[in-house]
$ cat data-v9.txt   # compact mmCIF, C-alpha atoms (C1' of nucleotides)
# COMPACT_ATOMS: atom_id res chain seq x y z
CA MET A 20 83.88 105.02 166.38
CA ALA A 21 84.71 103.46 163.07
CA ASP A 22 86.56 106.10 161.06
CA THR A 23 87.41 108.74 163.55
CA TYR A 24 90.24 111.16 163.01
CA HIS A 25 91.98 109.82 166.08
CA HIS A 26 92.86 106.19 166.08
CA GLY A 27 92.07 105.36 169.66
CA ASN A 28 95.10 103.38 170.66
CA LEU A 29 97.58 103.91 167.90
CA ARG A 30 100.63 103.31 170.05
CA GLN A 31 99.67 99.73 170.81
CA ALA A 32 98.41 99.20 167.27
CA LEU A 33 101.79 100.25 165.88
CA ILE A 34 103.58 97.84 168.18
CA ASP A 35 101.26 95.02 167.18
CA ALA A 36 101.61 95.81 163.49
CA GLY A 37 105.38 95.87 163.89
CA ILE A 38 105.34 92.48 165.57
CA LYS A 39 103.21 91.06 162.80
CA ILE A 40 105.55 92.36 160.12
CA ILE A 41 108.60 90.96 161.88
CA ASN A 42 106.77 87.71 162.29
CA ASP A 43 105.68 87.49 158.68
CA TYR A 44 108.63 88.95 156.81
CA GLY A 45 111.50 89.46 159.27
CA GLU A 46 112.96 92.56 160.83
CA ASP A 47 114.68 93.75 157.67
CA TYR A 48 111.35 94.24 155.98
CA LEU A 49 110.02 96.48 158.72
CA SER A 50 109.91 100.22 158.15
CA LEU A 51 108.18 103.02 159.96
CA ARG A 52 106.09 103.77 156.91
CA LYS A 53 104.93 100.20 156.50
CA VAL A 54 103.96 99.99 160.13
CA ALA A 55 102.01 103.21 159.77
CA ALA A 56 100.34 101.95 156.61
CA ALA A 57 99.39 98.71 158.34
CA CYS A 58 97.50 100.83 160.86
CA ASP A 59 95.79 102.88 158.12
CA VAL A 60 97.51 105.97 159.32
CA SER A 61 99.75 108.53 157.67
CA HIS A 62 103.46 107.87 157.51
CA ALA A 63 104.32 110.54 160.06
CA ALA A 64 101.71 109.59 162.62
CA PRO A 65 104.06 107.31 164.61
CA TYR A 66 106.07 110.36 165.60
CA ALA A 67 103.31 111.34 167.97
CA HIS A 68 104.07 108.19 169.96
CA PHE A 69 107.70 107.33 169.31
CA LYS A 70 110.77 109.50 169.17
CA ASP A 71 112.19 107.68 166.18
CA LYS A 72 112.42 104.26 164.62
CA ASP A 73 114.70 102.90 167.31
CA ASP A 74 112.21 103.97 169.90
CA LEU A 75 109.49 101.92 168.23
CA LEU A 76 111.84 98.97 167.89
CA GLU A 77 112.59 99.17 171.59
CA ALA A 78 108.89 99.14 172.42
CA ILE A 79 108.34 96.14 170.14
CA LYS A 80 111.23 94.32 171.72
CA GLN A 81 109.85 94.96 175.16
CA SER A 82 106.45 93.70 174.08
CA VAL A 83 107.88 90.50 172.61
CA THR A 84 109.94 89.93 175.74
CA GLU A 85 106.76 90.30 177.77
CA SER A 86 104.89 87.62 175.87
CA PHE A 87 108.00 85.46 176.07
CA MET A 88 107.96 85.89 179.82
CA ASN A 89 104.26 85.06 179.92
CA ASP A 90 104.91 81.72 178.26
CA LEU A 91 107.71 80.95 180.68
CA VAL A 92 105.74 81.91 183.76
CA GLU A 93 102.72 79.98 182.58
CA ALA A 94 104.89 76.90 182.06
CA VAL A 95 106.37 77.16 185.52
CA GLU A 96 103.19 77.91 187.43
CA GLY A 97 101.72 75.13 189.52
CA LYS A 98 104.56 72.69 189.01
CA ALA A 99 105.07 70.49 192.04
CA THR A 100 108.87 70.49 192.07
CA ALA A 101 111.54 72.88 190.92
CA ASP A 102 112.95 70.19 188.65
CA GLU A 103 109.64 69.85 186.86
CA ALA A 104 109.42 73.61 186.62
CA ILE A 105 112.88 73.91 185.10
CA ILE A 106 112.13 71.28 182.50
CA ALA A 107 108.82 72.92 181.70
CA MET A 108 110.51 76.27 181.40
CA GLY A 109 113.13 74.82 179.10
CA ARG A 110 110.49 73.37 176.86
CA ALA A 111 108.54 76.61 176.83
CA TYR A 112 111.70 78.52 176.01
CA VAL A 113 112.50 76.37 173.01
CA THR A 114 108.87 76.20 171.94
CA PHE A 115 108.51 79.96 171.96
CA PHE A 116 111.32 80.50 169.51
CA SER A 117 110.54 77.49 167.36
CA LYS A 118 107.04 78.89 166.92
CA ASN A 119 108.38 82.31 165.92
CA PRO A 120 111.94 81.93 164.62
CA ASP A 121 112.11 85.60 163.70
CA TYR A 122 111.76 86.58 167.33
CA TYR A 123 115.06 84.93 168.10
CA ILE A 124 116.98 87.04 165.65
CA PHE A 125 115.01 90.09 166.65
CA LEU A 126 115.71 89.70 170.35
CA PHE A 127 119.18 88.28 170.28
CA GLY A 128 120.68 89.85 167.19
CA LYS A 129 121.24 88.92 163.61
CA GLN A 130 124.88 88.02 163.81
CA ASN A 131 124.53 86.24 167.07
CA ILE A 132 127.34 83.71 167.00
CA THR A 133 127.11 82.89 170.66
CA ALA A 134 124.83 80.76 172.74
CA HIS A 135 125.66 81.61 176.29
CA LEU A 136 124.69 84.44 178.49
CA LYS A 137 126.78 87.50 178.79
CA MET A 138 128.86 87.53 181.93
CA ASN A 139 127.80 91.08 182.53
CA LYS A 140 126.23 91.15 185.92
CA GLU A 141 123.87 93.99 185.13
CA TYR A 142 122.31 91.86 182.44
CA LYS A 143 121.91 88.81 184.62
CA ASN A 144 120.19 90.92 187.22
CA ASP A 145 117.90 92.62 184.75
CA TYR A 146 116.62 90.14 182.25
CA PRO A 147 113.32 88.75 183.54
CA PRO A 148 113.63 85.28 182.00
CA PHE A 149 117.02 84.89 183.62
CA LEU A 150 115.68 85.95 187.01
CA LEU A 151 112.91 83.40 186.69
CA LEU A 152 115.42 80.65 186.00
CA ARG A 153 117.51 81.68 188.97
CA ARG A 154 114.48 81.51 191.25
CA MET A 155 113.71 78.02 190.00
CA TYR A 156 117.30 76.94 190.45
CA LEU A 157 117.46 78.21 194.02
CA ARG A 158 114.20 76.39 194.75
CA HIS A 159 115.80 73.29 193.29
CA LEU A 160 118.75 73.59 195.67
CA GLU A 161 116.44 74.11 198.61
CA GLU A 162 114.12 71.22 197.77
CA ASN A 163 117.06 68.85 197.46
CA GLY A 164 118.93 70.18 200.47
CA LEU A 165 121.94 71.16 198.36
CA GLU A 166 124.53 73.73 199.30
CA LYS A 167 126.47 75.58 196.61
CA THR A 168 128.76 78.56 196.62
CA PHE A 169 127.58 81.59 194.73
CA GLU A 170 130.19 80.87 192.06
CA GLU A 171 128.95 77.33 191.58
CA GLN A 172 125.39 78.56 191.40
CA GLU A 173 126.16 81.04 188.67
CA ILE A 174 128.03 78.45 186.65
CA GLU A 175 125.19 75.98 186.85
CA ILE A 176 122.56 78.54 186.02
CA VAL A 177 124.49 79.68 182.99
CA LYS A 178 124.94 76.06 182.02
CA ILE A 179 121.21 75.40 182.10
CA TRP A 180 120.60 78.60 180.21
CA SER A 181 123.14 77.64 177.59
CA ILE A 182 121.54 74.29 176.95
CA VAL A 183 118.12 75.81 176.52
CA HIS A 184 119.26 78.83 174.59
CA GLY A 185 121.51 76.80 172.33
CA MET A 186 118.70 74.38 171.62
CA ALA A 187 116.36 77.24 170.81
CA SER A 188 118.99 78.72 168.56
CA ILE A 189 119.41 75.52 166.62
CA ALA A 190 115.67 75.00 166.43
CA CYS A 191 115.30 78.49 164.99
CA MET A 192 117.97 78.02 162.39
CA LYS A 193 116.54 74.81 161.12
CA GLY A 194 113.10 76.30 161.47
CA VAL A 195 111.80 72.81 161.99
CA LYS A 196 109.89 72.25 165.16
CA SER A 197 109.78 68.51 164.65
CA SER A 198 113.56 68.32 164.74
CA ILE A 199 113.63 69.13 168.43
CA ASN A 200 114.72 66.25 170.61
CA TRP A 201 112.64 66.90 173.68
CA LYS A 202 113.84 63.87 175.63
CA ASP A 203 117.41 64.91 175.09
CA LEU A 204 116.59 68.38 176.38
CA ASP A 205 114.88 67.03 179.48
CA GLU A 206 117.78 64.77 180.30
CA ARG A 207 120.35 67.47 179.88
CA LEU A 208 118.36 69.75 182.13
CA LEU A 209 118.45 67.24 185.01
CA VAL A 210 121.31 68.79 186.93
CA MET B 2 148.69 106.47 136.83
CA ALA B 3 147.29 109.30 138.85
CA ASP B 4 143.86 110.02 137.46
CA THR B 5 143.11 107.12 135.21
CA TYR B 6 139.62 106.12 134.35
CA HIS B 7 140.16 102.77 135.98
CA HIS B 8 141.08 102.77 139.58
CA GLY B 9 143.64 99.98 139.61
CA ASN B 10 142.53 98.01 142.62
CA LEU B 11 139.15 99.35 143.52
CA ARG B 12 137.94 96.20 145.17
CA GLN B 13 140.57 96.30 147.87
CA ALA B 14 140.31 100.08 148.14
CA LEU B 15 136.58 99.77 148.83
CA ILE B 16 137.20 97.21 151.53
CA ASP B 17 139.86 99.39 153.14
CA ALA B 18 137.66 102.47 152.96
CA GLY B 19 134.82 100.52 154.51
CA ILE B 20 137.04 99.38 157.35
CA LYS B 21 138.18 102.92 157.97
CA ILE B 22 134.63 104.22 158.11
CA ILE B 23 133.55 101.50 160.51
CA ASN B 24 136.61 102.23 162.57
CA ASP B 25 136.07 105.97 162.66
CA TYR B 26 132.30 106.27 162.83
CA GLY B 27 130.83 102.81 163.39
CA GLU B 28 128.96 100.44 161.10
CA ASP B 29 125.75 102.45 161.11
CA TYR B 30 127.48 105.32 159.39
CA LEU B 31 128.68 103.17 156.52
CA SER B 32 126.88 103.34 153.20
CA LEU B 33 127.78 102.12 149.75
CA ARG B 34 127.83 105.67 148.47
CA LYS B 35 130.13 106.92 151.19
CA VAL B 36 132.55 104.07 150.58
CA ALA B 37 132.51 104.88 146.88
CA ALA B 38 133.06 108.57 147.58
CA ALA B 39 135.97 107.76 149.86
CA CYS B 40 137.59 106.06 146.88
CA ASP B 41 136.86 109.01 144.58
CA VAL B 42 134.64 106.89 142.46
CA SER B 43 131.03 107.14 141.38
CA HIS B 44 128.37 105.72 143.65
CA ALA B 45 127.58 102.82 141.35
CA ALA B 46 131.17 101.73 140.79
CA PRO B 47 131.14 99.22 143.66
CA TYR B 48 128.62 97.16 141.73
CA ALA B 49 131.39 96.06 139.41
CA HIS B 50 133.02 94.29 142.37
CA PHE B 51 130.25 93.46 144.78
CA LYS B 52 126.80 92.06 144.23
CA ASP B 53 125.21 94.36 146.76
CA LYS B 54 125.87 96.05 150.07
CA ASP B 55 125.80 92.80 152.01
CA ASP B 56 128.39 91.38 149.69
CA LEU B 57 130.74 94.26 150.49
CA LEU B 58 130.03 93.89 154.19
CA GLU B 59 130.92 90.20 153.96
CA ALA B 60 134.21 91.01 152.30
CA ILE B 61 135.00 93.60 154.95
CA LYS B 62 134.15 91.16 157.69
CA GLN B 63 136.42 88.57 156.17
CA SER B 64 139.22 91.09 155.92
CA VAL B 65 138.86 92.14 159.55
CA THR B 66 138.78 88.53 160.66
CA GLU B 67 142.00 87.97 158.76
CA SER B 68 143.86 90.74 160.50
CA PHE B 69 142.42 89.50 163.77
CA MET B 70 143.82 86.07 163.02
CA ASN B 71 147.18 87.62 162.12
CA ASP B 72 147.42 89.23 165.53
CA LEU B 73 146.56 85.96 167.24
CA VAL B 74 149.01 83.89 165.23
CA GLU B 75 151.74 86.44 165.73
CA ALA B 76 151.17 86.35 169.47
CA VAL B 77 151.35 82.59 169.58
CA GLU B 78 154.35 82.11 167.33
CA GLY B 79 157.64 81.17 168.95
CA LYS B 80 156.24 80.75 172.42
CA ALA B 81 158.10 78.05 174.36
CA THR B 82 155.11 76.44 176.05
CA ALA B 83 151.45 76.08 175.22
CA ASP B 84 150.56 77.84 178.45
CA GLU B 85 152.55 80.88 177.43
CA ALA B 86 150.96 80.75 174.01
CA ILE B 87 147.45 80.62 175.43
CA ILE B 88 148.09 83.58 177.66
CA ALA B 89 149.64 85.51 174.79
CA MET B 90 146.70 84.67 172.60
CA GLY B 91 144.28 85.81 175.26
CA ARG B 92 146.08 89.12 175.60
CA ALA B 93 146.19 89.58 171.83
CA TYR B 94 142.49 88.78 171.62
CA VAL B 95 141.53 91.39 174.17
CA THR B 96 144.03 93.88 172.81
CA PHE B 97 142.69 93.59 169.29
CA PHE B 98 139.18 94.58 170.28
CA SER B 99 140.22 97.17 172.81
CA LYS B 100 142.20 98.88 170.07
CA ASN B 101 139.22 98.83 167.71
CA PRO B 102 136.01 98.57 169.74
CA ASP B 103 133.87 98.93 166.64
CA TYR B 104 135.23 95.69 165.26
CA TYR B 105 133.67 93.80 168.11
CA ILE B 106 130.19 94.98 167.31
CA PHE B 107 130.85 94.56 163.61
CA LEU B 108 132.03 90.97 163.91
CA PHE B 109 129.85 89.74 166.70
CA GLY B 110 126.67 91.70 166.23
CA LYS B 111 125.08 94.80 167.61
CA GLN B 112 122.65 93.20 169.96
CA ASN B 113 125.08 90.61 171.15
CA ILE B 114 123.89 89.82 174.61
CA THR B 115 126.04 86.77 174.97
CA ALA B 116 129.67 86.19 175.70
CA HIS B 117 130.24 82.54 175.02
CA LEU B 118 130.71 80.57 171.91
CA LYS B 119 127.86 79.02 170.08
CA MET B 120 127.54 75.33 170.77
CA ASN B 121 127.08 74.73 167.11
CA LYS B 122 129.72 72.31 166.03
CA GLU B 123 129.97 73.65 162.51
CA TYR B 124 131.02 76.96 163.92
CA LYS B 125 133.60 75.51 166.25
CA ASN B 126 135.12 73.64 163.36
CA ASP B 127 135.13 76.61 161.04
CA TYR B 128 136.16 79.71 162.91
CA PRO B 129 139.94 80.10 162.54
CA PRO B 130 140.56 81.76 165.92
CA PHE B 131 138.75 78.93 167.63
CA LEU B 132 140.78 76.32 165.78
CA LEU B 133 143.95 78.06 166.86
CA LEU B 134 142.89 77.96 170.48
CA ARG B 135 142.03 74.28 170.24
CA ARG B 136 145.47 73.52 168.83
CA MET B 137 147.11 75.36 171.71
CA TYR B 138 144.92 73.60 174.22
CA LEU B 139 145.75 70.16 172.84
CA ARG B 140 149.43 71.09 172.94
CA HIS B 141 148.93 72.09 176.55
CA LEU B 142 147.47 68.69 177.39
CA GLU B 143 150.32 66.95 175.63
CA GLU B 144 153.06 69.01 177.24
CA ASN B 145 151.67 68.34 180.68
CA GLY B 146 150.89 64.70 180.06
CA LEU B 147 147.19 65.21 180.73
CA GLU B 148 144.38 62.98 179.52
CA LYS B 149 140.89 64.36 179.00
CA THR B 150 137.77 63.04 177.38
CA PHE B 151 136.54 64.87 174.32
CA GLU B 152 133.68 66.27 176.36
CA GLU B 153 136.02 67.65 178.99
CA GLN B 154 138.19 69.16 176.33
CA GLU B 155 135.32 70.99 174.71
CA ILE B 156 134.13 72.33 178.02
CA GLU B 157 137.54 73.65 178.93
CA ILE B 158 138.14 75.21 175.55
CA VAL B 159 134.82 76.99 175.64
CA LYS B 160 135.64 78.10 179.15
CA ILE B 161 138.90 79.67 178.07
CA TRP B 162 137.19 81.26 175.12
CA SER B 163 134.48 82.65 177.34
CA ILE B 164 136.94 84.30 179.67
CA VAL B 165 138.80 85.94 176.83
CA HIS B 166 135.75 86.86 174.80
CA GLY B 167 133.90 88.17 177.82
CA MET B 168 136.89 90.28 178.80
CA ALA B 169 137.15 91.65 175.28
CA SER B 170 133.45 92.41 175.32
CA ILE B 171 133.69 94.36 178.56
CA ALA B 172 136.81 96.13 177.39
CA CYS B 173 135.00 97.20 174.24
CA MET B 174 131.99 98.52 176.08
CA LYS B 175 133.99 100.61 178.42
CA GLY B 176 136.23 101.55 175.53
CA VAL B 177 139.02 102.04 178.01
CA LYS B 178 142.12 100.02 177.38
CA SER B 179 143.60 100.97 180.71
CA SER B 180 140.72 99.33 182.52
CA ILE B 181 141.88 95.88 181.52
CA ASN B 182 143.21 93.81 184.37
CA TRP B 183 145.89 91.82 182.57
CA LYS B 184 147.08 89.92 185.63
CA ASP B 185 143.56 88.81 186.35
CA LEU B 186 143.22 87.59 182.79
CA ASP B 187 146.48 85.66 182.94
CA GLU B 188 145.54 83.97 186.17
CA ARG B 189 142.11 82.97 184.96
CA LEU B 190 143.65 81.49 181.84
CA LEU B 191 145.89 79.18 183.84
CA VAL B 192 143.76 76.09 183.59
C1' DT C 23 82.68 128.35 175.38
C1' DT C 24 87.16 128.61 174.43
C1' DG C 25 91.57 127.46 173.74
C1' DT C 26 95.28 124.36 174.61
C1' DG C 27 97.66 120.21 174.02
C1' DA C 28 97.59 115.68 172.05
C1' DT C 29 97.05 113.38 167.91
C1' DG C 30 97.03 113.00 162.72
C1' DT C 31 97.81 114.68 157.82
C1' DT C 32 100.32 116.63 153.99
C1' DG C 33 104.23 117.92 151.73
C1' DA C 34 108.94 118.16 151.49
C1' DC C 35 113.82 116.77 151.70
C1' DA C 36 118.13 114.28 151.88
C1' DA C 37 120.20 109.79 152.11
C1' DT C 38 120.27 105.40 150.43
C1' DG C 39 120.30 100.92 147.53
C1' DT C 40 119.90 99.53 143.12
C1' DA C 41 119.06 99.09 138.13
C1' DA C 42 119.82 100.52 133.13
C1' DA C 43 122.33 102.60 129.55
C1' DG C 44 126.27 104.29 127.99
C1' DA C 45 131.48 105.59 128.19
C1' DT C 46 136.23 104.05 128.55
C1' DA C 47 140.01 101.22 129.17
C1' DT C 48 142.32 96.49 128.85
C1' DG C 49 143.68 92.40 126.89
C1' DC C 50 143.55 88.95 123.58
C1' DA C 51 142.92 86.93 118.70
C1' DC C 52 144.38 87.73 114.39
C1' DG D 2 149.06 97.12 114.91
C1' DT D 3 143.62 96.33 114.31
C1' DG D 4 139.44 95.12 116.05
C1' DC D 5 136.54 93.35 119.27
C1' DA D 6 134.83 91.26 123.75
C1' DT D 7 134.91 92.19 128.38
C1' DA D 8 135.73 94.43 132.73
C1' DT D 9 135.40 98.61 134.83
C1' DC D 10 133.41 103.09 135.68
C1' DT D 11 129.93 107.16 135.01
C1' DT D 12 125.50 109.14 134.56
C1' DT D 13 120.87 109.13 135.12
C1' DA D 14 116.92 107.61 137.15
C1' DC D 15 113.71 105.67 140.57
C1' DA D 16 111.56 103.78 144.75
C1' DT D 17 112.12 103.44 149.70
C1' DT D 18 113.06 105.31 153.84
C1' DG D 19 113.61 108.36 158.17
C1' DT D 20 112.65 112.72 159.58
C1' DC D 21 110.94 117.46 159.87
C1' DA D 22 107.75 121.46 159.59
C1' DA D 23 103.39 123.39 158.90
C1' DC D 24 98.87 122.67 159.33
C1' DA D 25 94.24 120.17 160.57
C1' DT D 26 91.33 117.95 163.85
C1' DC D 27 89.84 116.33 168.06
C1' DA D 28 89.33 115.82 173.35
C1' DC D 29 89.01 117.96 177.48
C1' DA D 30 89.62 121.20 181.25
C1' DA D 31 89.12 126.04 182.85
$ encode --input "data-v9.txt" --output "structure tokens"
Amino acid sequence: MADTYHHGNLRQALIDAGIKIINDYGEDYLSLRKVAAACDVSHAAPYAHFKDKDDLLEAIKQSVTESFMNDLVEAVEGKATADEAIIAMGRAYVTFFSKNPDYYIFLFGKQNITAHLKMNKEYKNDYPPFLLLRRMYLRHLEENGLEKTFEEQEIEIVKIWSIVHGMASIACMKGVKSSINWKDLDERLLV
Amino acid sequence: MADTYHHGNLRQALIDAGIKIINDYGEDYLSLRKVAAACDVSHAAPYAHFKDKDDLLEAIKQSVTESFMNDLVEAVEGKATADEAIIAMGRAYVTFFSKNPDYYIFLFGKQNITAHLKMNKEYKNDYPPFLLLRRMYLRHLEENGLEKTFEEQEIEIVKIWSIVHGMASIACMKGVKSSINWKDLDERLLV
DNA sequence: TTGTGATGTTGACAATGTAAAGATATGCAC
DNA sequence: GTGCATATCTTTACATTGTCAACATCACAA
């Protein structure tokens, strides 16, 4: 099935090609036609799988978020305590974006001048990485026999998130993995 | 000087036209050629004043930020106490973006999923609105004879900012000025 | 077997950013 | 005022891009 008329799994191939382009040259460089060309397919072929460019972008974003989540879950799995898990998650978070700086801009926006989570409740209840952090935080409270109001919980979770996200943001801007101060991150994550 | 070959003040006219387009149809609808057309000028004329599209966008952004700052300063001026000034500034902040929702996306980014200020110190020391808030906050401390460490100060300032910015963000999304709970905002701003 | 829908190709079009070459006005040296 | 350098603007041209329509090809079920 080398050079068949049908591609086989073009949809996934387009997503992968898009990710590679974003990774290699940044989002600005990506175009529908280049993605199609990267898959050795005519420039209109993507329209069989995606409504328009935005639709493809959405799919790519979802795919990147998935692999982001995989890294986070993998980091958390099998950790003895919630505290260890939170630190591991923080490191994985920063590592993910320092490995692929373009993902940060792609996921969080080009003109992102902020480093904290949106207050919007819908978002906090939707975004998988955030849900994972909340689970870890609640486990942390339980393991240490702590009692917090819901308000206090939210504030602390956002605080942790901010530290990690801000650190990732800085790491991305500098684009220098070696500039990350891991010990500093760990210490700041110890609630 | 009705129909002269030279426009007179094309640079400013282009910026104004750009602002109007963003205001009326959103940033996506803006193109160099449309801006030029709105000024009754050939599509390449802007290149005498701006290096490229991004350059024009930068100028527009700067202009919008200026009028934003004007609103904030005007709100603060002549207020008897710092507390009054902070509340007035908060209201002006939210009002500005509820009057022109497109400005929010334009200034803070389309995929802005965050509602707090970037931790980045450079930013905090550069962004005029933030500097204004810090001045008011320090005046507040002074007027009430309060002593805070630098750390505490930063946390509280970011907190105030977050409340205001988050409220503006929500107001923009709903696009409904009447949905703003001004009393709630005032109360939350009382440190 | 047949034909129906999913998948791909080709060709076309309008919108866009940008560069090059030339036209026109403005201001300054003399 | 004359003449010229420069800033400003127009015209023309071109490549890229998103999108559509018409058609080709394939897979699979009736």
$ atom_distance --input "data-v9.txt" --atom1 "CA of Gln154 (chain B)" --atom2 "CA of His166 (chain B)"
17.9 Å
$ atom_distance --input "data-v9.txt" --atom1 "CA of Lys100 (chain B)" --atom2 "CA of Ala18 (chain B)"
18.1 Å
$ closest_atom_pairs --input "data-v9.txt" --of "chain D" --to "chain A" --cutoff "10 Å" --atoms "all atoms listed in the file" --output "CSV"
residue,atom,partner,partner_atom,distance
D:DT17,C1',A:Ser50,CA,9.3
D:DT18,C1',A:Ser50,CA,7.4
D:DG19,C1',A:Lys72,CA,7.7
D:DT20,C1',A:Asp71,CA,8.3
D:DC21,C1',A:Ala63,CA,9.6
D:DT26,C1',A:Tyr24,CA,6.9
D:DC27,C1',A:His25,CA,7.1
D:DA28,C1',A:His25,CA,9.8
$ atom_distance --input "data-v9.txt" --atom1 "CA of Ile38 (chain A)" --atom2 "CA of Phe87 (chain A)"
12.9 Å
$ closest_atom_pairs --input "data-v9.txt" --of "chain A" --to "chain C" --cutoff "7 Å" --atoms "only C-alpha atoms (C1' of nucleotides)" --output "CSV"
residue,atom,partner,partner_atom,distance
A:His25,CA,C:DT29,C1',6.5
A:Ser61,CA,C:DT31,C1',6.5
A:Ala64,CA,C:DG30,C1',5.8
A:Ala67,CA,C:DT29,C1',6.6
$ decode --input "data-v9.txt" --residues "region 34-52 of chain A" --atoms "C-alpha atoms" --output "PDB file, in the first residue's frame"
ATOM      1  CA  ILE A  34      -2.280  16.749  12.539  1.00  0.00           C
ATOM      2  CA  ASP A  35       1.199  15.304  12.933  1.00  0.00           C
ATOM      3  CA  ALA A  36       2.559  17.335  10.042  1.00  0.00           C
ATOM      4  CA  GLY A  37       1.007  20.455  11.535  1.00  0.00           C
ATOM      5  CA  ILE A  38       2.629  19.758  14.880  1.00  0.00           C
ATOM      6  CA  LYS A  39       5.983  19.252  13.221  1.00  0.00           C
ATOM      7  CA  ILE A  40       5.725  22.537  11.343  1.00  0.00           C
ATOM      8  CA  ILE A  41       4.749  24.440  14.473  1.00  0.00           C
ATOM      9  CA  ASN A  42       7.591  22.765  16.268  1.00  0.00           C
ATOM     10  CA  ASP A  43      10.162  23.533  13.608  1.00  0.00           C
ATOM     11  CA  TYR A  44       9.111  26.956  12.378  1.00  0.00           C
ATOM     12  CA  GLY A  45       6.370  28.289  14.671  1.00  0.00           C
ATOM     13  CA  GLU A  46       2.654  28.701  14.179  1.00  0.00           C
ATOM     14  CA  ASP A  47       2.963  31.668  11.840  1.00  0.00           C
ATOM     15  CA  TYR A  48       4.667  29.525   9.263  1.00  0.00           C
ATOM     16  CA  LEU A  49       1.892  26.966   9.194  1.00  0.00           C
ATOM     17  CA  SER A  50      -0.569  26.992   6.322  1.00  0.00           C
ATOM     18  CA  LEU A  51      -3.116  24.489   5.124  1.00  0.00           C
ATOM     19  CA  ARG A  52      -1.259  24.072   1.869  1.00  0.00           C
TER      20      ARG A  52
END
